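Here the structure comes first, spelled out in C-alpha cells, and everything after it is commentary.
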Amino acid sequence: MCGIVGYTGFQDAYEVVINGLRRLEYRGYDSAGIVLDRENASFDVAKTKGKVDDLVAVSENLSGKSHVGMGHTRWATHGVPSDRNSHPHLSNNGKIALVHNGIIENYDTIKIMLTEKGFTFQSETDTEVLVNLIQFFMDMDASLDFPTAVRFALNEVYGAYAITVMHDDFPGVLVVARLGSPLAIGLGTNEYFIASDASPFVEFTKEAVYLEEGHMATISLEKGVDIRTIKDNEKIVPQVQELKLSLEQIEKGGYEHFMLKEIFEQPKSIHDTLRGRLLVEEGIIKMAGIWDHLDRINKAQKITIIACGTSWHAGLIGEYLIEEFARIPVEVEYASEFRYRNPIITENDVVIAISQSGETADTMAALKMAKDKGAFIYGICNVVDSSIARITDAGSYTHAGPEIGVASTKAFTAQLTVLSLIALKLGKHKGNLSNQEFMRLITELEAIPKKVEEVLEKTHDITKEIAKDFVNAQNFLYLGRGYNFPAALEGALKLKEISYIHAEGYPAAEMKHGPIALIDENMPIVIIAPKQGHYDKIVSNVQEIKARKGKIIALVNKGDTQVSSMADYVIEFPETSECFSPIVASVPLQLLSYYIAVYRGANVDQPRNLAKSVTVE
Ligand code: G6P
C-alpha cells in the first residue's frame, strides 16, 4: 500500500508529482522518491527515508526541469524504511526506473537467477528485482521494445502489484500495470496522469480510466493510452469514467487534521448514506443493492461478515443488528483468518465484505475464496469502483466521501448506518418487524444525523478537556455491553492507532475474568453506559471499578444520575435505541482519542507504521 503518481504532459512534472504524492501520503509515508526524465539526459532521481516534506528538502533543485516523471510514497514491506530501499528503483544499466505498490512473492528465485547472470542489487526490495528483470529481457533481445519487455517480466512474477515504469531511451513513455493494487489514469488535454487513486489529478481532469486487474497500459502524448492484457497482449478498449470527486472533498477545509474534519463531517456523511434509501414518509427502505436479492439473502443459512480493522468492528455490530431483526445466524470473521482456514461456506450462504477502501488484500482474498465456494457475495464499500466493489454480486456503497485520515471515523459510522438499513430491510421483508416497530426504528434512524450533530457540539469541548488529564496514560480500558461492546473495541482501537497508548476493549461483564486485575488508581476506564442497553448491569460494573479506584470516564445519556455520580468524568450523548447507540457514542470516543493524540504531539493523520489501505498481506 504505497502511493504512485506519474505524469507526462506540458506542466512541471516535479510539481504535479510532489503535490500528488502529498495527496497519496495516507497510503504510506515512511519514504518517498521521485524520478524525472529529460530528453538527452539521464534520469534525475531523488529519494529519501521520511515523508514527502523530507523528499522536497532533498529535491527542490529538480523543480521546473522536466515534463515527464513519477514518484512514490512508501509503506515498507521488503526491507526497512531507508534511503536505499525507497522507490524509484533503477535497473543496473540505469536506464529503467520503476515504482511499485504491492509484493512480488517470487522475487527471491528471480533474484538468484539475475545474480547468476551478473546483476547486482543495492536494496533489499522485491521491486529492484522486477526492474532488473525488465533490463534482463531487453539485454537478451535488443529489438524488444520497452512495453513488451515489461510485459515479459510481469509474466514471470506473481504476487500483487501496481507499477509505473519509465525507460531513459523512450522519453515521454510511461508503462503501467496492475494486479491486485489500484491504478487510475487521468486523461487531460495534452497530458496524462497516473495515480493510485484519482486525488492527485482531480483538479486537472474529471476523466479517468481505472486499470483493470491483469491489464497494463503504455501512455505517451504521441500515442495516447494503449491498454493490453498482461498475459496475452490483447488490446482492450478503455472505459472512460467521469470523476465525481471534488478538490474540496480531499482538502482539510480549515481543520488542523483530516481526522478532525472527518469526525465533524459525520452528520453529513450519515445523512448521505441514508439519502434516497430511507424514505420515512413512505415507510420504506429502498436499497438498490439489496432489492433484487432480498429472497436470496433472507433464505441464507448463514451470513458471514468478513473484514479487517475498524470495518471488522462494524461487522460485529452488523451481527447484532442482523440477528436481532432478520433472525439469520451471523458470523463475523477476520478476513486474514478466514482465508487461511477451511471455513464451511456453501452456496446457501451469504458473505458480506465490509471495507472502506475496497482494496484490503486479506478481505479481497477471503471474498474470492467464498465466491469460489458458491456463496452470494455482498459488499459494503466506501470507495466507488474499488476492487472489492467490483467482484461482489451486489452491494451498497457507504457514500461517506473520501476518508483520508488513516484512522477511520466517518467510514465506520457510515458502515453502521448501511448495516442498520440492511438489517431493518431484511427484518421487515421477513415479517419479523411489525409495521409499528419498523416505523419507530426508521424514524429514529432518520434522526441520527441530528443527534450526531448535537453530540459533536456538546462533547467537543468536554473531550478536549478530559484528554488533557490522560496525556501521560500508559493504558486504557474500554468497556461496553451489547451493541456497545464492539463500540468499546473500536474506541480502544482509535486510541491505540493514533496516540500509541495501549488500549483494550472488553465486554463490561467479562472484566471480572481478567482485566479487573489491572484496575487501580492509574487505570483510566472508558465505559459506555446508555440508558437503553443493560444499564443496570453496567451500573454494577461501574461499582466494581469504583471499588478498585479505577478512573472512570463514563459515556451516558443526557440526564443520567446513577453512573454519573460514580464517574470521575462524564460525557453525555443523546438517547436513541440501543441498536443505533454505537453510531452516536462513537463520536465522543473519536474526539477523545483525537485530542489525547494531539496533546501527545502524535501525527494524527499519519500514525506510525500504519497505512490507510492495506493492499498487501
Ligand atoms: C487498515 C487501516 C484501518 C482499516 C483497515 C481495514 O489497517 O489502517 O483503519 O480499518 O485497514 O481497511 P478497509 O479499507 O478494508 O476498511
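Ligands are numbered from 1 in the order shown, chains are lettered A, B, ... in the order of the C-alpha cells, and residues start at 1 in each chain.
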Check range 286-483 of chain A with DSSP on the backbone and list each residue it calls helix (DSSP H, G or I), as JSON, numbers by chain. {"A": [288, 289, 290, 291, 294, 295, 296, 297, 298, 309, 310, 311, 312, 313, 314, 315, 316, 317, 318, 319, 320, 321, 322, 323, 324, 325, 335, 336, 337, 338, 361, 362, 363, 364, 365, 366, 367, 368, 369, 370, 371, 372, 387, 388, 389, 390, 391, 410, 411, 412, 413, 414, 415, 416, 417, 418, 419, 420, 421, 422, 423, 424, 425, 426, 427, 428, 429, 430, 435, 436, 437, 438, 439, 440, 441, 442, 443, 444, 445, 446, 448, 449, 450, 451, 452, 453, 454, 455, 456, 457, 458, 459, 460, 461, 462, 463, 464, 465, 466, 467, 468]}
Could you pull out the residues sitting within 6 Å of ligand 1, using only C-alpha atoms and all ligand atoms, and write them as a list in words?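 What falls inside 6 Å of ligand 1 is Cys308, Gly309, Thr310, Ser311, Ser355, Gln356, Ser357, Gly358, Thr360, Val406, Ala407, Ser408, Leu610, Ala611, Lys612, Ser613 and Val614 of chain A.
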Once you have the residues from the selection above, write them out as a short mmCIF file (atom, residue, chain, number, x, y, z; two decimals), in the first residue's frame, restricted to C-alpha atoms.
data_model
loop_
_atom_site.label_atom_id
_atom_site.label_comp_id
_atom_site.auth_asym_id
_atom_site.auth_seq_id
_atom_site.Cartn_x
_atom_site.Cartn_y
_atom_site.Cartn_z
CA CYS A 308 -10.34 -6.13 8.89
CA GLY A 309 -9.66 -3.41 11.46
CA THR A 310 -12.37 -0.87 12.04
CA SER A 311 -14.55 -2.49 9.37
CA SER A 355 -14.18 -2.41 3.57
CA GLN A 356 -13.75 1.34 3.50
CA SER A 357 -11.09 1.25 0.80
CA GLY A 358 -12.42 -1.76 -1.07
CA THR A 360 -7.74 -4.58 1.54
CA VAL A 406 -5.61 6.88 8.45
CA ALA A 407 -7.78 6.17 11.50
CA SER A 408 -11.27 5.50 10.21
CA LEU A 610 0.02 2.26 9.76
CA ALA A 611 -1.43 2.87 6.33
CA LYS A 612 -4.92 3.61 5.18
CA SER A 613 -5.28 0.92 2.63
CA VAL A 614 -3.51 -2.37 3.18
#
Based on DSSP run over this structure's backbone, return all residues of range 498-550 of chain A in strand (DSSP E or B), as an NGL selection string. :A and (502-507 or 524-529)
With all heavy atoms retained, export the selected residues as a short mmCIF file (atom, residue, chain, number, x, y, z; two decimals), in the first residue's frame.
data_model
loop_
_atom_site.label_atom_id
_atom_site.label_comp_id
_atom_site.auth_asym_id
_atom_site.auth_seq_id
_atom_site.Cartn_x
_atom_site.Cartn_y
_atom_site.Cartn_z
N HIS A 502 -1.44 1.97 24.98
CA HIS A 502 -2.03 0.64 24.93
C HIS A 502 -3.48 0.70 25.41
O HIS A 502 -3.76 1.20 26.50
CB HIS A 502 -1.22 -0.31 25.82
CG HIS A 502 -1.91 -1.61 26.03
ND1 HIS A 502 -2.26 -2.06 27.27
CD2 HIS A 502 -2.36 -2.54 25.15
CE1 HIS A 502 -2.89 -3.23 27.14
NE2 HIS A 502 -2.96 -3.53 25.87
N ALA A 503 -4.38 0.22 24.61
CA ALA A 503 -5.81 0.27 24.98
C ALA A 503 -6.49 -1.02 24.59
O ALA A 503 -6.22 -1.58 23.53
CB ALA A 503 -6.48 1.45 24.27
N GLU A 504 -7.35 -1.50 25.48
CA GLU A 504 -8.07 -2.74 25.19
C GLU A 504 -9.56 -2.53 25.36
O GLU A 504 -9.99 -1.85 26.30
CB GLU A 504 -7.65 -3.82 26.19
CG GLU A 504 -6.34 -4.48 25.86
CD GLU A 504 -6.14 -5.72 26.72
OE1 GLU A 504 -6.91 -6.69 26.56
OE2 GLU A 504 -5.24 -5.68 27.56
N GLY A 505 -10.32 -3.13 24.49
CA GLY A 505 -11.77 -3.10 24.63
C GLY A 505 -12.24 -4.44 25.16
O GLY A 505 -11.66 -5.48 24.84
N TYR A 506 -13.27 -4.40 26.00
CA TYR A 506 -13.79 -5.63 26.59
C TYR A 506 -15.30 -5.55 26.75
O TYR A 506 -15.83 -4.45 26.96
CB TYR A 506 -13.18 -5.82 27.99
CG TYR A 506 -12.11 -6.87 28.04
CD1 TYR A 506 -10.78 -6.55 27.81
CD2 TYR A 506 -12.44 -8.20 28.28
CE1 TYR A 506 -9.80 -7.53 27.84
CE2 TYR A 506 -11.47 -9.18 28.30
CZ TYR A 506 -10.16 -8.84 28.08
OH TYR A 506 -9.21 -9.81 28.10
N PRO A 507 -15.99 -6.69 26.72
CA PRO A 507 -17.39 -6.65 27.15
C PRO A 507 -17.38 -6.37 28.65
O PRO A 507 -16.60 -7.01 29.38
CB PRO A 507 -17.91 -8.07 26.87
CG PRO A 507 -16.81 -8.79 26.16
CD PRO A 507 -15.54 -8.04 26.37
N PRO A 524 -7.24 4.35 33.54
CA PRO A 524 -8.44 5.00 33.03
C PRO A 524 -9.35 3.98 32.35
O PRO A 524 -8.88 3.14 31.58
CB PRO A 524 -7.90 6.00 31.99
CG PRO A 524 -6.42 5.83 31.95
CD PRO A 524 -6.06 4.62 32.72
N ILE A 525 -10.63 4.07 32.66
CA ILE A 525 -11.60 3.13 32.07
C ILE A 525 -12.74 3.91 31.45
O ILE A 525 -13.45 4.65 32.13
CB ILE A 525 -12.14 2.16 33.14
CG1 ILE A 525 -10.98 1.34 33.68
CG2 ILE A 525 -13.20 1.23 32.56
CD1 ILE A 525 -11.05 1.13 35.13
N VAL A 526 -12.87 3.74 30.15
CA VAL A 526 -13.98 4.39 29.45
C VAL A 526 -15.12 3.39 29.43
O VAL A 526 -14.95 2.25 28.98
CB VAL A 526 -13.59 4.74 28.00
CG1 VAL A 526 -14.78 5.33 27.25
CG2 VAL A 526 -12.41 5.71 27.98
N ILE A 527 -16.26 3.80 29.92
CA ILE A 527 -17.39 2.87 29.97
C ILE A 527 -18.59 3.49 29.25
O ILE A 527 -18.95 4.64 29.50
CB ILE A 527 -17.69 2.44 31.43
CG1 ILE A 527 -18.73 1.35 31.45
CG2 ILE A 527 -18.05 3.57 32.33
CD1 ILE A 527 -18.49 0.32 32.52
N ILE A 528 -19.14 2.72 28.31
CA ILE A 528 -20.26 3.23 27.52
C ILE A 528 -21.54 2.72 28.18
O ILE A 528 -21.78 1.51 28.24
CB ILE A 528 -20.19 2.75 26.06
CG1 ILE A 528 -18.77 2.97 25.49
CG2 ILE A 528 -21.23 3.48 25.19
CD1 ILE A 528 -18.52 2.32 24.15
N ALA A 529 -22.32 3.66 28.71
CA ALA A 529 -23.47 3.26 29.54
C ALA A 529 -24.76 3.98 29.16
O ALA A 529 -25.28 4.79 29.93
CB ALA A 529 -23.13 3.53 31.01
#
Looking at only C-alpha atoms, which of A:Met70, A:Ile322, A:Ala400, A:Met259 is the one that sits closest to Leu591 in chain A?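 Nearest to Leu591 in chain A: A:Met259.
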Residues near Ile516 in chain A, cut-off 10 Å, only C-alpha atoms, skip fewer than 3 positions along chain, as a list in words: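 Within the cut-off, the hits are Leu477, Glu510, Met511, Lys512, His513, Ile519, Asp520, Glu544, Ile545, Arg548 and Gly550 of chain A.
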Take the selection from the previous step and output its residues with N, CA and C atoms, as a PDB file, in the first residue's frame.
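File produced: out31.pdb:
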ATOM      1  N   LEU A 477      -8.670   1.074  29.413  1.00  0.00           N
ATOM      2  CA  LEU A 477      -9.649   0.002  29.183  1.00  0.00           C
ATOM      3  C   LEU A 477     -10.916   0.648  28.636  1.00  0.00           C
ATOM      4  N   GLU A 510     -17.173  -9.137  31.147  1.00  0.00           N
ATOM      5  CA  GLU A 510     -16.013 -10.004  31.025  1.00  0.00           C
ATOM      6  C   GLU A 510     -14.843  -9.454  31.847  1.00  0.00           C
ATOM      7  N   MET A 511     -14.980  -8.215  32.251  1.00  0.00           N
ATOM      8  CA  MET A 511     -13.917  -7.545  33.006  1.00  0.00           C
ATOM      9  C   MET A 511     -13.464  -8.375  34.202  1.00  0.00           C
ATOM     10  N   LYS A 512     -14.456  -8.999  34.857  1.00  0.00           N
ATOM     11  CA  LYS A 512     -14.102  -9.729  36.077  1.00  0.00           C
ATOM     12  C   LYS A 512     -13.330 -11.013  35.798  1.00  0.00           C
ATOM     13  N   HIS A 513     -13.237 -11.387  34.530  1.00  0.00           N
ATOM     14  CA  HIS A 513     -12.494 -12.599  34.189  1.00  0.00           C
ATOM     15  C   HIS A 513     -11.066 -12.298  33.769  1.00  0.00           C
ATOM     16  N   ILE A 519      -6.924  -3.104  37.282  1.00  0.00           N
ATOM     17  CA  ILE A 519      -7.525  -1.838  37.714  1.00  0.00           C
ATOM     18  C   ILE A 519      -6.925  -1.335  39.028  1.00  0.00           C
ATOM     19  N   ASP A 520      -6.420  -0.122  38.992  1.00  0.00           N
ATOM     20  CA  ASP A 520      -6.021   0.622  40.190  1.00  0.00           C
ATOM     21  C   ASP A 520      -6.204   2.099  39.875  1.00  0.00           C
ATOM     22  N   GLU A 544     -17.986  -2.015  40.587  1.00  0.00           N
ATOM     23  CA  GLU A 544     -16.793  -2.864  40.757  1.00  0.00           C
ATOM     24  C   GLU A 544     -15.510  -2.079  40.456  1.00  0.00           C
ATOM     25  N   ILE A 545     -15.585  -1.227  39.446  1.00  0.00           N
ATOM     26  CA  ILE A 545     -14.394  -0.435  39.085  1.00  0.00           C
ATOM     27  C   ILE A 545     -14.110   0.596  40.177  1.00  0.00           C
ATOM     28  N   ARG A 548     -12.306  -0.406  43.132  1.00  0.00           N
ATOM     29  CA  ARG A 548     -10.858  -0.636  42.929  1.00  0.00           C
ATOM     30  C   ARG A 548     -10.135   0.636  42.499  1.00  0.00           C
ATOM     31  N   GLY A 550     -10.424   2.666  40.033  1.00  0.00           N
ATOM     32  CA  GLY A 550     -10.155   2.992  38.621  1.00  0.00           C
ATOM     33  C   GLY A 550     -10.700   4.369  38.276  1.00  0.00           C
TER      34      GLY A 550
END
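Closest approach to Ile194 in chain A from the set A:Ile236, A:Ile377, A:Ile328, A:Leu24 is made by A:Leu24, with distances taken over only C-alpha atoms.
Residue nearest Gly601 in chain A, chosen from A:Arg481, A:Ala567, A:Lys206, A:Ile498 and counting only C-alpha atoms: A:Ile498.
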Neighbouring residues of range 252-254 of chain A were defined as those with any atom within 12 Å, considering only C-alpha atoms; residues of the same chain fewer than 5 positions away were excluded. Please report them as a ChimeraX atom specification. /A:23,247,259-265,402-405,605
For Val68 in chain A, please output as a ChimeraX atom specification all residues within 12 Å (counting only C-alpha atoms; exclusion window: fewer than 4 positions along the same chain). /A:5-17,34-39,43-44,62-64,165-168,170-174,191-194,219-221
Written file, previous selection with N, CA, C and O atoms, as a short mmCIF file (atom, residue, chain, number, x, y, z; two decimals), in the first residue's frame:
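Full text of again_22.cif as output:
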data_model
loop_
_atom_site.label_atom_id
_atom_site.label_comp_id
_atom_site.auth_asym_id
_atom_site.auth_seq_id
_atom_site.Cartn_x
_atom_site.Cartn_y
_atom_site.Cartn_z
N VAL A 5 2.44 8.12 -8.28
CA VAL A 5 1.99 9.22 -9.14
C VAL A 5 2.87 9.25 -10.37
O VAL A 5 4.09 9.07 -10.26
N GLY A 6 2.29 9.46 -11.54
CA GLY A 6 3.08 9.61 -12.76
C GLY A 6 2.50 10.73 -13.59
O GLY A 6 1.31 11.06 -13.48
N TYR A 7 3.34 11.31 -14.43
CA TYR A 7 2.84 12.43 -15.26
C TYR A 7 3.60 12.52 -16.57
O TYR A 7 4.83 12.37 -16.60
N THR A 8 2.89 12.79 -17.64
CA THR A 8 3.52 13.21 -18.89
C THR A 8 2.62 14.27 -19.51
O THR A 8 1.41 14.07 -19.61
N GLY A 9 3.20 15.42 -19.86
CA GLY A 9 2.36 16.50 -20.38
C GLY A 9 3.15 17.76 -20.56
O GLY A 9 4.34 17.71 -20.87
N PHE A 10 2.50 18.90 -20.30
CA PHE A 10 3.16 20.19 -20.54
C PHE A 10 3.50 20.90 -19.23
O PHE A 10 4.22 21.88 -19.19
N GLN A 11 2.94 20.41 -18.10
CA GLN A 11 3.19 21.08 -16.82
C GLN A 11 4.56 20.65 -16.26
O GLN A 11 5.17 19.70 -16.74
N ASP A 12 4.97 21.33 -15.19
CA ASP A 12 6.20 20.94 -14.50
C ASP A 12 5.93 19.61 -13.77
O ASP A 12 5.14 19.56 -12.82
N ALA A 13 6.57 18.56 -14.25
CA ALA A 13 6.29 17.22 -13.70
C ALA A 13 6.62 17.17 -12.21
O ALA A 13 5.95 16.48 -11.44
N TYR A 14 7.64 17.90 -11.80
CA TYR A 14 8.04 17.88 -10.39
C TYR A 14 6.87 18.33 -9.50
O TYR A 14 6.51 17.66 -8.53
N GLU A 15 6.26 19.46 -9.88
CA GLU A 15 5.15 19.99 -9.07
C GLU A 15 3.97 19.01 -9.05
O GLU A 15 3.39 18.75 -8.00
N VAL A 16 3.63 18.49 -10.22
CA VAL A 16 2.48 17.59 -10.30
C VAL A 16 2.73 16.35 -9.43
O VAL A 16 1.87 15.92 -8.66
N VAL A 17 3.94 15.80 -9.56
CA VAL A 17 4.23 14.56 -8.83
C VAL A 17 4.28 14.83 -7.32
O VAL A 17 3.67 14.11 -6.53
N ILE A 34 11.25 10.38 -6.21
CA ILE A 34 10.78 10.93 -7.49
C ILE A 34 11.85 10.68 -8.56
O ILE A 34 13.04 10.66 -8.26
N VAL A 35 11.41 10.47 -9.78
CA VAL A 35 12.35 10.39 -10.90
C VAL A 35 11.77 11.23 -12.03
O VAL A 35 10.57 11.19 -12.29
N LEU A 36 12.64 12.00 -12.68
CA LEU A 36 12.21 12.84 -13.79
C LEU A 36 13.02 12.47 -15.02
O LEU A 36 14.18 12.07 -14.91
N ASP A 37 12.37 12.62 -16.17
CA ASP A 37 13.05 12.26 -17.40
C ASP A 37 13.17 13.50 -18.28
O ASP A 37 12.19 14.19 -18.50
N ARG A 38 14.37 13.77 -18.73
CA ARG A 38 14.57 14.88 -19.67
C ARG A 38 15.17 14.31 -20.93
O ARG A 38 15.98 13.37 -20.87
N GLU A 39 14.80 14.87 -22.06
CA GLU A 39 15.39 14.39 -23.32
C GLU A 39 16.89 14.65 -23.28
O GLU A 39 17.34 15.67 -22.75
N PHE A 43 18.29 10.00 -16.11
CA PHE A 43 17.24 10.29 -15.12
C PHE A 43 17.74 11.19 -13.99
O PHE A 43 18.88 11.04 -13.54
N ASP A 44 16.88 12.08 -13.52
CA ASP A 44 17.13 12.79 -12.26
C ASP A 44 16.35 12.04 -11.18
O ASP A 44 15.12 11.93 -11.29
N LEU A 62 15.10 20.03 -8.50
CA LEU A 62 14.56 19.38 -9.69
C LEU A 62 13.32 20.09 -10.24
O LEU A 62 12.84 19.78 -11.33
N SER A 63 12.83 21.05 -9.47
CA SER A 63 11.63 21.77 -9.89
C SER A 63 11.85 22.47 -11.23
O SER A 63 12.92 23.06 -11.46
N GLY A 64 10.87 22.38 -12.10
CA GLY A 64 10.92 23.09 -13.38
C GLY A 64 11.82 22.45 -14.43
O GLY A 64 12.06 23.04 -15.47
N VAL A 165 6.55 2.37 -14.89
CA VAL A 165 7.94 2.19 -15.33
C VAL A 165 8.27 3.23 -16.39
O VAL A 165 7.43 3.56 -17.24
N MET A 166 9.50 3.73 -16.35
CA MET A 166 9.99 4.65 -17.39
C MET A 166 11.31 4.11 -17.92
O MET A 166 12.06 3.47 -17.18
N HIS A 167 11.58 4.39 -19.19
CA HIS A 167 12.86 3.98 -19.79
C HIS A 167 13.51 5.21 -20.38
O HIS A 167 12.88 5.97 -21.13
N ASP A 168 14.78 5.38 -20.07
CA ASP A 168 15.51 6.56 -20.49
C ASP A 168 15.56 6.70 -22.02
O ASP A 168 15.60 7.81 -22.55
N PHE A 170 13.20 5.86 -24.01
CA PHE A 170 11.84 6.06 -24.52
C PHE A 170 11.22 7.25 -23.80
O PHE A 170 10.27 7.12 -23.04
N PRO A 171 11.76 8.45 -24.02
CA PRO A 171 11.30 9.60 -23.24
C PRO A 171 9.82 9.89 -23.48
O PRO A 171 9.33 9.75 -24.60
N GLY A 172 9.16 10.24 -22.41
CA GLY A 172 7.74 10.59 -22.53
C GLY A 172 6.81 9.38 -22.48
O GLY A 172 5.60 9.53 -22.57
N VAL A 173 7.38 8.18 -22.34
CA VAL A 173 6.54 6.98 -22.30
C VAL A 173 6.48 6.45 -20.87
O VAL A 173 7.50 6.29 -20.20
N LEU A 174 5.27 6.19 -20.41
CA LEU A 174 5.08 5.59 -19.09
C LEU A 174 4.35 4.26 -19.29
O LEU A 174 3.34 4.22 -19.99
N GLU A 191 -2.09 15.96 -21.80
CA GLU A 191 -1.38 15.49 -20.60
C GLU A 191 -2.08 14.26 -20.04
O GLU A 191 -3.29 14.07 -20.21
N TYR A 192 -1.28 13.40 -19.43
CA TYR A 192 -1.81 12.20 -18.78
C TYR A 192 -1.26 12.11 -17.37
O TYR A 192 -0.12 12.50 -17.12
N PHE A 193 -2.10 11.58 -16.49
CA PHE A 193 -1.71 11.42 -15.10
C PHE A 193 -1.88 9.96 -14.73
O PHE A 193 -2.77 9.28 -15.26
N ILE A 194 -1.08 9.52 -13.79
CA ILE A 194 -1.23 8.16 -13.26
C ILE A 194 -1.23 8.29 -11.75
O ILE A 194 -0.45 9.08 -11.21
N ILE A 219 1.53 4.66 -22.07
CA ILE A 219 0.95 6.00 -22.15
C ILE A 219 2.00 6.98 -22.68
O ILE A 219 3.11 7.05 -22.16
N SER A 220 1.63 7.69 -23.73
CA SER A 220 2.53 8.74 -24.23
C SER A 220 1.68 9.81 -24.92
O SER A 220 0.55 9.54 -25.35
N LEU A 221 2.22 11.01 -25.01
CA LEU A 221 1.46 12.09 -25.64
C LEU A 221 1.21 11.78 -27.12
O LEU A 221 0.15 12.10 -27.65
#
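Considering the residues A:Arg27, A:His429, A:Lys235, A:Arg22 and counting only C-alpha atoms, Asn609 in chain A has its shortest atom-to-atom contact with A:Arg27.
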Give me, as a Markdown table, each residue of range 189-220 of chain A that comes within 12 Å of range 152-164 of chain A, together with its shortest interatomic pair and the distance in Å at one decimal, counting only C-alpha atoms, with rows ordered by chain and rising residue number.
| residue | atom | partner | partner_atom | distance |
| --- | --- | --- | --- | --- |
| A:Phe193 | CA | A:Thr164 | CA | 11.2 |
| A:Ile194 | CA | A:Thr164 | CA | 8.2 |
| A:Ala195 | CA | A:Thr164 | CA | 9.3 |
| A:Ser196 | CA | A:Ala162 | CA | 8.1 |
| A:Asp197 | CA | A:Ala162 | CA | 11.4 |
| A:Tyr210 | CA | A:Ala162 | CA | 11.8 |
| A:Leu211 | CA | A:Ala162 | CA | 9.6 |
| A:Glu212 | CA | A:Ala162 | CA | 10.6 |
| A:Glu213 | CA | A:Ala162 | CA | 9.6 |
| A:Gly214 | CA | A:Leu154 | CA | 9.7 |
| A:His215 | CA | A:Ala162 | CA | 10.1 |
| A:Met216 | CA | A:Ile163 | CA | 9.2 |
| A:Ala217 | CA | A:Thr164 | CA | 9.5 |
| A:Thr218 | CA | A:Thr164 | CA | 9.7 |
| A:Ile219 | CA | A:Thr164 | CA | 10.3 |
Could you write those residues out with C-alpha atoms, as a PDB file, in the first residue's frame?
ATOM      1  CA  PHE A 193      -1.715  11.424 -15.098  1.00  0.00           C
ATOM      2  CA  ILE A 194      -1.229   8.157 -13.265  1.00  0.00           C
ATOM      3  CA  ALA A 195      -2.080   7.648  -9.632  1.00  0.00           C
ATOM      4  CA  SER A 196      -3.098   5.075  -7.040  1.00  0.00           C
ATOM      5  CA  ASP A 197      -6.367   6.965  -6.738  1.00  0.00           C
ATOM      6  CA  TYR A 210      -9.302   2.700 -13.893  1.00  0.00           C
ATOM      7  CA  LEU A 211      -6.926  -0.003 -14.978  1.00  0.00           C
ATOM      8  CA  GLU A 212      -8.499  -3.448 -14.588  1.00  0.00           C
ATOM      9  CA  GLU A 213      -6.889  -6.482 -12.951  1.00  0.00           C
ATOM     10  CA  GLY A 214      -4.277  -8.082 -15.209  1.00  0.00           C
ATOM     11  CA  HIS A 215      -4.087  -5.106 -17.564  1.00  0.00           C
ATOM     12  CA  MET A 216      -1.211  -2.849 -18.496  1.00  0.00           C
ATOM     13  CA  ALA A 217      -1.073   0.402 -20.425  1.00  0.00           C
ATOM     14  CA  THR A 218       1.509   2.275 -22.424  1.00  0.00           C
ATOM     15  CA  ILE A 219       0.954   6.003 -22.146  1.00  0.00           C
TER      16      ILE A 219
END
Find the residues near range 540-542 of chain A: any atom within 9 Å, counting only C-alpha atoms, skip ones fewer than 4 places away on the same chain, and give them as a PyMOL selection string. chain A and resi 508-509+511-512+527+535-536+546-547+552+554+563+566-567
Output the selection as a short mmCIF file (atom, residue, chain, number, x, y, z; two decimals), in the first residue's frame - N, CA, C and O atoms for each residue.
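File written: out-v1.cif
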data_model
loop_
_atom_site.label_atom_id
_atom_site.label_comp_id
_atom_site.auth_asym_id
_atom_site.auth_seq_id
_atom_site.Cartn_x
_atom_site.Cartn_y
_atom_site.Cartn_z
N ALA A 508 -18.17 -5.43 29.11
CA ALA A 508 -18.06 -4.98 30.50
C ALA A 508 -18.12 -6.14 31.50
O ALA A 508 -17.38 -6.16 32.49
N ALA A 509 -18.97 -7.13 31.23
CA ALA A 509 -19.13 -8.22 32.19
C ALA A 509 -17.91 -9.13 32.22
O ALA A 509 -17.67 -9.83 33.20
N MET A 511 -14.98 -8.21 32.25
CA MET A 511 -13.92 -7.54 33.01
C MET A 511 -13.46 -8.37 34.20
O MET A 511 -12.27 -8.49 34.48
N LYS A 512 -14.46 -9.00 34.86
CA LYS A 512 -14.10 -9.73 36.08
C LYS A 512 -13.33 -11.01 35.80
O LYS A 512 -12.82 -11.65 36.71
N ILE A 527 -16.26 3.80 29.92
CA ILE A 527 -17.39 2.87 29.97
C ILE A 527 -18.59 3.49 29.25
O ILE A 527 -18.95 4.64 29.50
N TYR A 535 -28.49 -1.29 31.21
CA TYR A 535 -27.99 -0.21 32.06
C TYR A 535 -27.71 -0.69 33.49
O TYR A 535 -26.65 -0.40 34.05
N ASP A 536 -28.65 -1.48 34.05
CA ASP A 536 -28.46 -1.92 35.44
C ASP A 536 -27.20 -2.75 35.61
O ASP A 536 -26.51 -2.68 36.63
N LYS A 546 -15.19 1.23 40.62
CA LYS A 546 -15.09 2.26 41.65
C LYS A 546 -14.43 1.70 42.90
O LYS A 546 -13.56 2.32 43.51
N ALA A 547 -14.85 0.48 43.26
CA ALA A 547 -14.31 -0.16 44.47
C ALA A 547 -12.81 -0.38 44.35
O ALA A 547 -12.11 -0.54 45.35
N ILE A 552 -12.84 6.56 36.15
CA ILE A 552 -13.95 6.26 35.24
C ILE A 552 -14.32 7.45 34.36
O ILE A 552 -14.61 8.54 34.84
N ALA A 554 -17.23 8.10 31.92
CA ALA A 554 -18.50 7.45 31.56
C ALA A 554 -19.20 8.18 30.43
O ALA A 554 -19.32 9.41 30.44
N VAL A 563 -24.83 6.31 37.08
CA VAL A 563 -23.45 6.08 36.65
C VAL A 563 -22.66 7.38 36.81
O VAL A 563 -21.53 7.38 37.31
N MET A 566 -20.96 8.14 40.03
CA MET A 566 -19.76 7.36 40.41
C MET A 566 -18.56 7.69 39.52
O MET A 566 -17.43 7.34 39.84
N ALA A 567 -18.82 8.35 38.39
CA ALA A 567 -17.75 8.55 37.40
C ALA A 567 -16.87 9.74 37.75
O ALA A 567 -17.30 10.69 38.39
#
